[in-house]
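Trainee: Below you'll find upload_23.txt; it's compact mmCIF, C-alpha atoms and all ligand atoms.
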```
# COMPACT_ATOMS: atom_id res chain seq x y z
CA MET V 1 -73.68 16.67 60.59
CA GLY V 2 -72.00 13.42 61.62
CA LYS V 3 -68.47 12.52 60.75
CA LEU V 4 -67.47 12.16 57.12
CA ARG V 5 -67.04 8.45 56.35
CA VAL V 6 -63.90 8.02 54.27
CA GLY V 7 -62.35 5.18 52.28
CA VAL V 8 -58.90 5.04 50.73
CA ILE V 9 -58.49 3.17 47.43
CA GLY V 10 -54.93 1.96 46.83
CA CYS V 11 -52.91 1.17 49.96
CA GLY V 12 -49.44 1.98 48.66
CA SER V 13 -46.91 4.56 49.71
CA ILE V 14 -48.87 7.77 49.29
CA ALA V 15 -51.87 6.27 51.08
CA GLN V 16 -49.73 5.00 53.95
CA HIS V 17 -47.54 8.09 54.32
CA ARG V 18 -50.08 10.85 53.82
CA HIS V 19 -53.74 10.05 53.22
CA LEU V 20 -54.33 7.49 55.97
CA PRO V 21 -52.42 9.23 58.79
CA GLU V 22 -53.91 12.62 57.87
CA TYR V 23 -57.48 11.27 57.78
CA ALA V 24 -56.84 9.40 61.04
CA VAL V 25 -56.08 12.62 62.93
CA ASN V 26 -58.84 14.69 61.30
CA LYS V 27 -61.61 15.17 63.85
CA HIS V 28 -64.29 15.51 61.17
CA VAL V 29 -63.45 12.14 59.64
CA GLU V 30 -64.18 8.54 60.41
CA LEU V 31 -61.93 6.28 58.37
CA VAL V 32 -64.10 3.29 57.51
CA ALA V 33 -62.49 1.34 54.68
CA VAL V 34 -59.45 0.71 52.54
CA CYS V 35 -59.12 -1.11 49.23
CA ASP V 36 -56.22 -2.70 47.41
CA ILE V 37 -56.04 -5.50 44.84
CA HIS V 38 -53.10 -6.82 46.87
CA GLU V 39 -55.20 -8.59 49.53
CA GLU V 40 -52.54 -8.95 52.21
CA ARG V 41 -51.67 -5.27 51.90
CA ALA V 42 -55.33 -4.28 52.18
CA ILE V 43 -55.80 -6.44 55.28
CA GLU V 44 -52.60 -5.25 56.93
CA VAL V 45 -53.47 -1.58 56.43
CA ALA V 46 -57.10 -2.15 57.44
CA GLU V 47 -55.98 -3.79 60.70
CA LYS V 48 -53.64 -0.92 61.47
CA TYR V 49 -56.49 1.59 61.19
CA GLY V 50 -59.26 -0.66 62.48
CA VAL V 51 -61.29 -0.39 59.25
CA ARG V 52 -62.83 -2.76 56.69
CA ALA V 53 -60.65 -4.17 53.91
CA PHE V 54 -61.86 -4.42 50.32
CA THR V 55 -60.07 -5.87 47.31
CA ASN V 56 -62.50 -4.52 44.72
CA TYR V 57 -63.12 -0.78 44.52
CA GLU V 58 -66.60 -1.21 43.02
CA THR V 59 -67.70 -3.25 46.03
CA LEU V 60 -66.39 -0.51 48.30
CA LEU V 61 -68.12 2.24 46.30
CA ASN V 62 -71.44 0.35 46.31
CA SER V 63 -71.26 -0.59 49.99
CA GLY V 64 -73.04 2.57 51.10
CA GLU V 65 -70.38 2.89 53.79
CA VAL V 66 -68.43 5.88 52.47
CA ASP V 67 -69.16 9.55 51.76
CA ALA V 68 -65.71 10.34 50.32
CA VAL V 69 -62.70 8.47 48.94
CA SER V 70 -59.07 9.09 48.14
CA VAL V 71 -57.91 7.58 44.86
CA CYS V 72 -54.30 6.48 45.45
CA THR V 73 -53.90 3.94 42.67
CA PRO V 74 -51.64 3.85 39.59
CA ASN V 75 -52.34 6.73 37.19
CA CYS V 76 -54.18 4.63 34.58
CA LEU V 77 -57.02 4.01 37.07
CA HIS V 78 -57.53 7.57 38.32
CA ALA V 79 -60.29 8.50 35.89
CA THR V 80 -62.18 5.19 35.96
CA ILE V 81 -62.26 4.96 39.75
CA SER V 82 -62.94 8.68 40.30
CA ILE V 83 -65.85 8.69 37.84
CA ALA V 84 -67.31 5.52 39.37
CA ALA V 85 -67.10 7.11 42.83
CA LEU V 86 -68.65 10.41 41.73
CA GLU V 87 -71.47 8.56 39.97
CA ALA V 88 -72.09 6.66 43.21
CA GLY V 89 -72.52 10.04 44.96
CA ILE V 90 -69.11 9.97 46.64
CA HIS V 91 -66.68 12.93 46.91
CA VAL V 92 -63.23 12.30 45.41
CA LEU V 93 -59.70 13.34 46.28
CA CYS V 94 -57.65 12.01 43.37
CA GLU V 95 -53.87 11.83 43.30
CA LYS V 96 -51.81 13.47 40.58
CA PRO V 97 -51.40 13.32 37.64
CA MET V 98 -55.16 13.64 37.51
CA ALA V 99 -55.59 11.46 34.41
CA THR V 100 -53.85 10.13 31.35
CA SER V 101 -55.56 12.40 28.79
CA LYS V 102 -57.56 15.60 28.53
CA GLN V 103 -60.66 13.59 27.62
CA GLU V 104 -60.39 11.58 30.85
CA ALA V 105 -59.88 14.75 32.90
CA GLU V 106 -62.92 16.38 31.29
CA ALA V 107 -65.03 13.30 32.00
CA MET V 108 -63.99 13.44 35.67
CA ILE V 109 -64.93 17.12 35.92
CA ARG V 110 -68.26 16.42 34.20
CA ALA V 111 -69.03 13.57 36.61
CA ALA V 112 -68.33 15.83 39.60
CA THR V 113 -70.60 18.57 38.24
CA LEU V 114 -73.45 16.25 37.21
CA ASN V 115 -73.46 14.49 40.55
CA GLY V 116 -72.91 17.60 42.67
CA LYS V 117 -69.84 16.11 44.40
CA LYS V 118 -66.39 17.52 45.15
CA LEU V 119 -63.40 16.58 43.03
CA MET V 120 -60.01 17.68 44.32
CA ILE V 121 -56.57 16.79 42.91
CA GLY V 122 -53.63 16.09 45.27
CA HIS V 123 -51.37 18.96 44.20
CA ASN V 124 -49.77 19.36 47.62
CA GLN V 125 -47.04 21.77 46.43
CA ARG V 126 -49.61 24.58 46.71
CA PHE V 127 -49.77 24.09 50.48
CA VAL V 128 -46.02 24.31 51.13
CA PRO V 129 -45.44 27.45 53.28
CA SER V 130 -42.55 28.82 51.17
CA HIS V 131 -44.66 28.48 48.02
CA GLN V 132 -47.62 30.23 49.63
CA LYS V 133 -45.41 33.07 50.89
CA ALA V 134 -43.80 33.49 47.47
CA ARG V 135 -47.18 33.66 45.75
CA GLN V 136 -48.22 36.36 48.23
CA LEU V 137 -45.04 38.40 47.58
CA ILE V 138 -45.57 38.11 43.82
CA GLN V 139 -49.27 39.07 44.06
CA ASN V 140 -48.45 42.06 46.32
CA GLY V 141 -46.07 43.36 43.67
CA GLU V 142 -43.04 43.02 45.94
CA ILE V 143 -41.00 41.34 43.27
CA GLY V 144 -42.14 43.69 40.53
CA LYS V 145 -42.45 42.35 37.02
CA ILE V 146 -41.51 38.67 36.75
CA TYR V 147 -39.01 37.95 34.00
CA SER V 148 -38.07 34.31 34.33
CA PHE V 149 -38.10 31.15 36.46
CA ARG V 150 -36.34 27.85 36.94
CA THR V 151 -38.05 24.92 38.65
CA ALA V 152 -36.90 21.36 39.21
CA PHE V 153 -38.16 18.24 40.91
CA GLY V 154 -35.86 15.26 40.84
CA HIS V 155 -34.77 12.33 42.95
CA SER V 156 -33.29 8.89 42.41
CA GLY V 157 -36.58 7.31 41.34
CA PRO V 158 -39.77 5.67 42.63
CA GLU V 159 -38.12 2.27 43.21
CA GLY V 160 -37.16 3.64 46.64
CA TRP V 161 -40.72 4.88 47.25
CA SER V 162 -43.38 2.63 45.71
CA VAL V 163 -44.51 -0.36 47.79
CA ASP V 164 -43.59 -2.56 44.82
CA GLY V 165 -40.04 -1.22 44.38
CA LYS V 166 -38.44 -1.90 41.02
CA GLU V 167 -41.47 -3.98 39.98
CA SER V 168 -43.67 -0.92 40.43
CA TRP V 169 -46.35 0.29 38.02
CA PHE V 170 -44.41 3.60 37.97
CA PHE V 171 -42.05 2.05 35.36
CA GLN V 172 -44.77 0.46 33.21
CA LYS V 173 -46.16 2.66 30.46
CA GLU V 174 -49.59 1.02 30.28
CA LYS V 175 -50.17 1.75 33.97
CA ALA V 176 -48.25 5.00 34.46
CA PHE V 177 -48.70 6.48 30.93
CA VAL V 178 -45.84 8.88 31.70
CA GLY V 179 -42.71 8.71 33.87
CA ALA V 180 -40.87 11.47 35.74
CA MET V 181 -42.73 14.16 33.75
CA GLY V 182 -46.08 12.94 35.07
CA ASP V 183 -44.84 11.98 38.49
CA LEU V 184 -42.77 15.08 39.31
CA GLY V 185 -43.09 17.47 36.35
CA VAL V 186 -46.84 17.86 36.85
CA HIS V 187 -46.20 19.08 40.41
CA LYS V 188 -43.95 21.84 39.09
CA ALA V 189 -46.25 22.75 36.20
CA ASP V 190 -48.97 23.19 38.79
CA LEU V 191 -46.66 25.14 41.09
CA ILE V 192 -45.58 27.61 38.42
CA ARG V 193 -49.20 28.24 37.43
CA TYR V 194 -50.03 28.75 41.12
CA LEU V 195 -47.06 31.03 41.89
CA LEU V 196 -47.36 33.25 38.83
CA GLY V 197 -51.15 33.24 38.67
CA GLU V 198 -50.90 32.77 34.91
CA GLU V 199 -51.38 30.00 32.41
CA ILE V 200 -48.52 28.39 30.53
CA VAL V 201 -49.24 28.79 26.83
CA GLU V 202 -46.20 27.34 25.03
CA VAL V 203 -43.97 24.36 25.77
CA GLY V 204 -40.84 22.88 24.24
CA SER V 205 -39.16 19.82 25.72
CA PHE V 206 -36.74 16.94 25.69
CA VAL V 207 -38.25 13.91 27.45
CA GLU V 208 -35.80 11.01 27.68
CA THR V 209 -35.26 7.62 29.26
CA ASN V 210 -31.59 7.53 30.01
CA ALA V 211 -31.11 6.55 33.66
CA LYS V 212 -33.22 3.40 34.08
CA ASP V 213 -32.84 0.69 31.48
CA PHE V 214 -35.66 -1.35 33.07
CA ALA V 215 -38.24 1.45 32.64
CA ASP V 216 -40.49 1.90 29.62
CA VAL V 217 -41.37 5.47 30.58
CA ASP V 218 -39.34 8.70 30.62
CA ASP V 219 -37.03 9.35 33.58
CA ASN V 220 -35.37 12.64 32.69
CA ALA V 221 -36.99 15.69 31.15
CA VAL V 222 -36.20 19.34 30.59
CA CYS V 223 -38.79 21.79 29.28
CA VAL V 224 -38.91 25.44 28.32
CA LEU V 225 -42.16 27.18 29.12
CA LYS V 226 -43.75 30.51 28.25
CA THR V 227 -46.68 32.06 30.08
CA GLU V 228 -49.50 34.16 28.68
CA SER V 229 -47.77 37.42 29.71
CA GLY V 230 -44.47 36.27 28.22
CA ILE V 231 -42.58 35.01 31.30
CA ILE V 232 -40.14 32.32 30.20
CA GLY V 233 -38.51 29.61 32.26
CA THR V 234 -37.38 26.00 32.56
CA LEU V 235 -38.92 23.00 34.24
CA ALA V 236 -36.90 19.84 34.91
CA ALA V 237 -38.34 16.55 36.12
CA SER V 238 -36.04 13.66 36.83
CA TRP V 239 -35.58 10.24 38.39
CA ALA V 240 -31.87 10.61 37.62
CA TYR V 241 -30.81 12.95 40.45
CA THR V 242 -29.00 10.08 42.06
CA SER V 243 -27.65 11.31 45.37
CA LYS V 244 -29.94 14.09 46.51
CA GLU V 245 -33.48 15.27 45.91
CA ASP V 246 -33.94 18.67 44.27
CA ASN V 247 -37.33 20.32 44.77
CA SER V 248 -36.30 23.92 44.20
CA THR V 249 -37.76 26.85 42.32
CA ILE V 250 -36.23 30.23 41.51
CA ILE V 251 -38.27 33.22 40.38
CA TYR V 252 -36.38 36.09 38.77
CA GLY V 253 -38.20 39.42 39.11
CA GLU V 254 -37.58 43.09 38.56
CA LYS V 255 -37.11 43.92 42.26
CA ALA V 256 -35.95 40.57 43.65
CA ILE V 257 -35.03 36.96 43.10
CA LEU V 258 -36.98 34.36 45.12
CA ARG V 259 -35.22 31.10 46.01
CA LEU V 260 -37.71 28.47 47.13
CA GLU V 261 -36.66 25.23 48.81
CA ASP V 262 -33.13 25.88 47.60
CA ASP V 263 -31.43 26.37 50.98
CA PRO V 264 -31.37 23.57 53.59
CA VAL V 265 -32.53 25.85 56.43
CA HIS V 266 -34.31 28.79 54.86
CA SER V 267 -37.13 27.55 52.69
CA LEU V 268 -37.54 31.01 51.14
CA VAL V 269 -34.66 33.41 50.46
CA VAL V 270 -35.48 36.78 48.92
CA GLN V 271 -32.52 38.54 47.29
CA TYR V 272 -33.58 42.12 46.60
CA ALA V 273 -32.00 44.04 43.74
CA ASN V 274 -30.89 46.70 46.26
CA GLY V 275 -28.64 44.13 47.96
CA GLU V 276 -30.91 43.33 50.89
CA VAL V 277 -31.43 39.62 51.59
CA VAL V 278 -34.38 38.30 53.64
CA LYS V 279 -34.34 34.68 54.76
CA TYR V 280 -37.50 32.91 55.90
CA GLU V 281 -37.52 29.70 57.92
CA LEU V 282 -40.96 28.34 57.11
CA GLY V 283 -40.56 24.62 57.68
CA LYS V 284 -39.51 21.90 55.30
CA ILE V 285 -41.26 20.71 52.17
CA GLN V 286 -42.54 17.11 52.26
CA SER V 287 -40.14 14.85 50.45
CA ASN V 288 -39.49 11.21 49.72
CA GLU V 289 -36.40 11.55 51.87
CA ASP V 290 -38.42 12.15 55.03
CA GLY V 291 -40.82 9.39 54.00
CA GLY V 292 -43.45 12.06 53.31
CA GLN V 293 -44.02 12.46 57.04
CA ASN V 294 -44.80 16.19 57.10
CA ASN V 295 -48.46 17.20 56.97
CA SER V 296 -49.36 17.87 53.33
CA HIS V 297 -52.54 19.80 54.32
CA VAL V 298 -54.24 18.24 51.28
CA ILE V 299 -56.60 16.11 53.34
CA GLU V 300 -57.71 18.93 55.66
CA HIS V 301 -58.54 21.14 52.65
CA PHE V 302 -60.50 18.34 50.98
CA VAL V 303 -62.48 17.62 54.15
CA HIS V 304 -63.06 21.34 54.77
CA SER V 305 -64.43 21.84 51.26
CA ILE V 306 -66.96 19.03 51.76
CA ILE V 307 -68.07 20.10 55.23
CA HIS V 308 -68.49 23.75 54.23
CA ASP V 309 -69.73 22.96 50.73
CA GLN V 310 -67.01 25.10 49.13
CA GLU V 311 -65.00 24.59 45.98
CA PRO V 312 -61.83 22.62 46.85
CA PRO V 313 -58.60 24.66 46.56
CA VAL V 314 -57.39 22.42 43.71
CA PRO V 315 -60.54 21.47 41.76
CA GLY V 316 -60.51 19.17 38.75
CA GLU V 317 -60.22 22.13 36.36
CA GLU V 318 -56.89 23.11 37.93
CA GLY V 319 -55.59 19.54 37.81
CA MET V 320 -56.51 19.41 34.13
CA LYS V 321 -54.66 22.63 33.29
CA SER V 322 -51.49 21.32 34.93
CA LEU V 323 -51.91 17.99 33.14
CA GLU V 324 -52.22 19.86 29.84
CA VAL V 325 -48.72 21.28 30.28
CA ILE V 326 -47.36 17.75 30.64
CA LEU V 327 -49.31 16.53 27.62
CA ALA V 328 -47.90 19.45 25.62
CA ALA V 329 -44.37 18.58 26.75
CA LEU V 330 -44.80 14.99 25.57
CA GLU V 331 -46.14 16.22 22.22
CA SER V 332 -43.26 18.68 21.86
CA ASN V 333 -40.73 15.92 22.43
CA GLU V 334 -42.41 13.70 19.85
CA THR V 335 -42.90 16.34 17.20
CA LYS V 336 -39.71 18.34 17.90
CA GLN V 337 -41.89 21.45 17.79
CA ILE V 338 -42.88 24.10 20.32
CA VAL V 339 -46.45 23.20 21.28
CA ARG V 340 -49.25 25.60 22.20
CA VAL V 341 -51.09 24.48 25.32
CA ARG V 342 -54.78 23.97 24.61
CA VAL V 343 -56.27 25.79 27.59
N1 LIG V 401 -48.92 13.99 45.78
C1 LIG V 401 -47.74 13.41 45.84
O1 LIG V 401 -46.75 14.04 46.21
C2 LIG V 401 -47.59 11.98 45.41
C3 LIG V 401 -46.45 11.26 45.81
C4 LIG V 401 -46.36 9.93 45.42
C5 LIG V 401 -47.35 9.34 44.64
N2 LIG V 401 -48.43 10.07 44.25
C6 LIG V 401 -49.48 9.48 43.39
O2 LIG V 401 -50.25 8.56 44.15
C7 LIG V 401 -50.66 7.47 43.34
C8 LIG V 401 -50.21 6.16 44.01
O3 LIG V 401 -48.80 6.18 44.12
P1 LIG V 401 -48.00 5.40 45.26
O4 LIG V 401 -46.69 6.08 45.38
O5 LIG V 401 -48.83 5.22 46.47
O6 LIG V 401 -47.79 3.99 44.51
P2 LIG V 401 -47.54 2.56 45.14
O7 LIG V 401 -46.97 1.72 44.06
O8 LIG V 401 -46.74 2.69 46.41
O9 LIG V 401 -49.01 2.04 45.54
C9 LIG V 401 -50.04 1.83 44.59
C10 LIG V 401 -51.04 0.87 45.21
O10 LIG V 401 -52.19 0.78 44.37
C11 LIG V 401 -52.65 -0.57 44.42
N3 LIG V 401 -53.56 -0.86 43.31
C12 LIG V 401 -53.25 -1.14 42.00
N4 LIG V 401 -54.38 -1.37 41.31
C13 LIG V 401 -55.42 -1.21 42.17
C14 LIG V 401 -56.84 -1.34 42.04
N5 LIG V 401 -57.42 -1.65 40.88
N6 LIG V 401 -57.60 -1.14 43.16
C15 LIG V 401 -57.03 -0.83 44.34
N7 LIG V 401 -55.70 -0.71 44.52
C16 LIG V 401 -54.91 -0.90 43.44
C17 LIG V 401 -51.33 -1.36 44.38
O11 LIG V 401 -51.53 -2.72 44.76
C18 LIG V 401 -50.49 -0.57 45.37
O12 LIG V 401 -50.67 -1.01 46.70
C19 LIG V 401 -50.04 7.72 41.96
O13 LIG V 401 -50.98 8.32 41.11
C20 LIG V 401 -48.90 8.68 42.23
O14 LIG V 401 -48.61 9.52 41.13
C21 LIG V 401 -48.57 11.37 44.64
```
Just dump the structure as structure tokens.
Mentor:
Amino acid sequence: MGKLRVGVIGCGSIAQHRHLPEYAVNKHVELVAVCDIHEERAIEVAEKYGVRAFTNYETLLNSGEVDAVSVCTPNCLHATISIAALEAGIHVLCEKPMATSKQEAEAMIRAATLNGKKLMIGHNQRFVPSHQKARQLIQNGEIGKIYSFRTAFGHSGPEGWSVDGKESWFFQKEKAFVGAMGDLGVHKADLIRYLLGEEIVEVGSFVETNAKDFADVDDNAVCVLKTESGIIGTLAASWAYTSKEDNSTIIYGEKAILRLEDDPVHSLVVQYANGEVVKYELGKIQSNEDGGQNNSHVIEHFVHSIIHDQEPPVPGEEGMKSLEVILAALESNETKQIVRVRV
């Protein structure tokens, strides 16, 4: 089999920091095209990687030049572009949040199945070493019964990240559909599901806009979650953590407490109930603060799943379940009720 011909749609921050550099060093991949409606940006990025620039994703998809694409556009376009790609017989790695509704997510999954193509969602938190180690400890029974958790993802906001700064789509409801909850909260909903190996079945939340007066989406949210076995915990997502990013998770178990990405040096600290403390140095999580320069491993898993014709580690179904938690949180905030997640 020759190299996988890849195109990247959307040439903003996530494409430039992660997708493009990670494809460029993957020996199974030949980067062939990029696409952005911002023509100068498309040309600049295309020149950097020596590939063809497109300004219309349909033209790229119909060019016959690509076998797989990354969808790195604003959230509102994820479903439309992914479905168009899958229907054109092209594998898709779509950024998170997967879609703006359950119906869109289901249509994406259907398109992947009908066309026999891979659909993976960019939930990179699953590939962070401390998260993988914690999942292993939990699965091995080392922590005993899990009682509770606390997870947070917050920073000062996407104006310091998006290529369009304060003018970014991130702050516009019709393009983003959801703010910090969709941007950061969905990562942590996915992480908790991954770590505990259980579904979240009930959600209560406060989802506010109180830090950014120019935004018409939420920027500060706190949720309470309950899993199918009755584990309860909190999830916070915020663009209002002004001076320092928080990307930490704490799992409270019968035999130990796990502190993930909570210590600047030790990405996993295990505090056993018998007083023993084990500290693991497993490398840093990717963050906006390092410009996302660490390898996310998302691209290598996507490519591997295509080459070996295996299910991707985060298929559309998983992306949809994590999205459902966010949709339930939004509904809870609106209705002021605890909402059952429709899984
Ligand atoms: N996995 C992660 O950790 C992570 C981190 C950041 C962003 N993301 C996700 O990646 C996606 C992109 O975010 P970003 O930070 O790169 O945003 P960004 O604002 O930096 O870039 C978005 C780009 O999309 C382009 N675009 C808009 N409409 C387009 C169209 N119709 N066709 C082609 N290009 C189009 C814009 O011109 C811009 O260059 C979002 O869904 C976001 O949630 C994921």
Trainee: Counting only C-alpha atoms, which of V:Val69, V:Val51, V:Ile192, V:Leu327 gets nearest to Ile232 of chain V?
Mentor: V:Ile192
Trainee: V:Arg340, V:Ile285, V:Phe127, V:Ser267: which is nearest Glu228 of chain V, counting only C-alpha atoms?
Mentor: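 Smallest distance to Glu228 of chain V is found for V:Arg340.
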Trainee: Return the padded bounding box of ligand LIG 401 (chain V) as AutoDock Vina command-line options: axis-aligned, built from all atoms listed in the file, 3 Å added on each side, with centre and edge lengths in Å to one decimal.
Mentor:
```
--center_x -52.0 --center_y 5.7 --center_z 43.8 --size_x 17.2 --size_y 22.8 --size_z 11.8
```
Trainee: List as a PDB file with C-alpha atoms, keeping the file's coordinate frame the protein and nucleic acid residues lying within 7 Å of ligand LIG 401 (chain V), with all atoms listed in the file counted.
Mentor:
```
ATOM      1  CA  ILE V   9     -58.490   3.170  47.430  1.00  0.00           C
ATOM      2  CA  GLY V  10     -54.930   1.960  46.830  1.00  0.00           C
ATOM      3  CA  CYS V  11     -52.910   1.170  49.960  1.00  0.00           C
ATOM      4  CA  GLY V  12     -49.440   1.980  48.660  1.00  0.00           C
ATOM      5  CA  SER V  13     -46.910   4.560  49.710  1.00  0.00           C
ATOM      6  CA  ILE V  14     -48.870   7.770  49.290  1.00  0.00           C
ATOM      7  CA  ALA V  15     -51.870   6.270  51.080  1.00  0.00           C
ATOM      8  CA  CYS V  35     -59.120  -1.110  49.230  1.00  0.00           C
ATOM      9  CA  ASP V  36     -56.220  -2.700  47.410  1.00  0.00           C
ATOM     10  CA  ILE V  37     -56.040  -5.500  44.840  1.00  0.00           C
ATOM     11  CA  HIS V  38     -53.100  -6.820  46.870  1.00  0.00           C
ATOM     12  CA  ARG V  41     -51.670  -5.270  51.900  1.00  0.00           C
ATOM     13  CA  THR V  55     -60.070  -5.870  47.310  1.00  0.00           C
ATOM     14  CA  ASN V  56     -62.500  -4.520  44.720  1.00  0.00           C
ATOM     15  CA  TYR V  57     -63.120  -0.780  44.520  1.00  0.00           C
ATOM     16  CA  CYS V  72     -54.300   6.480  45.450  1.00  0.00           C
ATOM     17  CA  THR V  73     -53.900   3.940  42.670  1.00  0.00           C
ATOM     18  CA  PRO V  74     -51.640   3.850  39.590  1.00  0.00           C
ATOM     19  CA  ASN V  75     -52.340   6.730  37.190  1.00  0.00           C
ATOM     20  CA  LEU V  77     -57.020   4.010  37.070  1.00  0.00           C
ATOM     21  CA  GLU V  95     -53.870  11.830  43.300  1.00  0.00           C
ATOM     22  CA  LYS V  96     -51.810  13.470  40.580  1.00  0.00           C
ATOM     23  CA  PRO V  97     -51.400  13.320  37.640  1.00  0.00           C
ATOM     24  CA  GLY V 122     -53.630  16.090  45.270  1.00  0.00           C
ATOM     25  CA  HIS V 123     -51.370  18.960  44.200  1.00  0.00           C
ATOM     26  CA  ASN V 124     -49.770  19.360  47.620  1.00  0.00           C
ATOM     27  CA  TRP V 161     -40.720   4.880  47.250  1.00  0.00           C
ATOM     28  CA  SER V 162     -43.380   2.630  45.710  1.00  0.00           C
ATOM     29  CA  VAL V 163     -44.510  -0.360  47.790  1.00  0.00           C
ATOM     30  CA  ASP V 164     -43.590  -2.560  44.820  1.00  0.00           C
ATOM     31  CA  SER V 168     -43.670  -0.920  40.430  1.00  0.00           C
ATOM     32  CA  TRP V 169     -46.350   0.290  38.020  1.00  0.00           C
ATOM     33  CA  PHE V 170     -44.410   3.600  37.970  1.00  0.00           C
ATOM     34  CA  ASP V 183     -44.840  11.980  38.490  1.00  0.00           C
TER      35      ASP V 183
END
```
Trainee: Which polymer residues, protein or nucleic acid, are no farther than 9 Å from (-41.5, 40.0, 35.7), counting all atoms listed in the file, as a list of chain:residue names?
Mentor: V:Ile143, V:Gly144, V:Lys145, V:Ile146, V:Tyr147, V:Ser148, V:Gly230, V:Ile231, V:Ile251, V:Tyr252, V:Gly253, V:Glu254, V:Lys255
Trainee: Between V:Val278, V:Ala85, V:Val314, V:Cys94, which one has atoms that come closest to Ser70 of chain V, using all atoms listed in the file?
Mentor: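 Closest candidate: V:Cys94.
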Trainee: Please list, as a list in words, the residues that have an atom at most 10 Å away from (-43.8, 11.8, 35.7) in the coordinates of this file, counting only C-alpha atoms.
Mentor: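 Selection result: Lys96, Pro97, Phe170, Phe171, Ala176, Phe177, Val178, Gly179, Ala180, Met181, Gly182, Asp183, Leu184, Gly185, Val186, His187, Val217, Asp218, Asp219, Asn220, Ala221, Ala237, Ser238, Trp239 and Ile326 of chain V.
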Trainee: Find the residues around Leu323 of chain V up to 9 Å (all atoms listed in the file counted), leave out those fewer than 2 positions away in its own chain, and share them as a PyMOL selection string.
Mentor: chain V and resi 96-102+105+182+186+189-190+318-321+325-328
Trainee: Given all atoms listed in the file as the basis, pick out the residue of V:Glu159, V:Glu87, V:Glu39, V:Glu30 nearest to Arg110 of chain V.
Mentor: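 When distances to Arg110 of chain V are compared using all atoms listed in the file, the smallest one comes from V:Glu87.
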Trainee: Using only C-alpha atoms, find the one residue out of V:Ile250, V:Ile257, V:Ala24, V:Val32 that sits nearest to Val6 of chain V.
Mentor: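 Closest residue, counting only C-alpha atoms: V:Val32.
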Trainee: Residues near Glu276 of chain V, anyone? I mean within 12 Å using only C-alpha atoms, not counting same-chain ones fewer than 4 positions away, as a compact mmCIF listing (two decimals) with C-alpha atoms, keeping the file's coordinate frame.
Mentor:
```txt
# COMPACT_ATOMS: atom_id res chain seq x y z
CA LYS V 255 -37.11 43.92 42.26
CA ALA V 256 -35.95 40.57 43.65
CA ILE V 257 -35.03 36.96 43.10
CA VAL V 269 -34.66 33.41 50.46
CA VAL V 270 -35.48 36.78 48.92
CA GLN V 271 -32.52 38.54 47.29
CA TYR V 272 -33.58 42.12 46.60
```
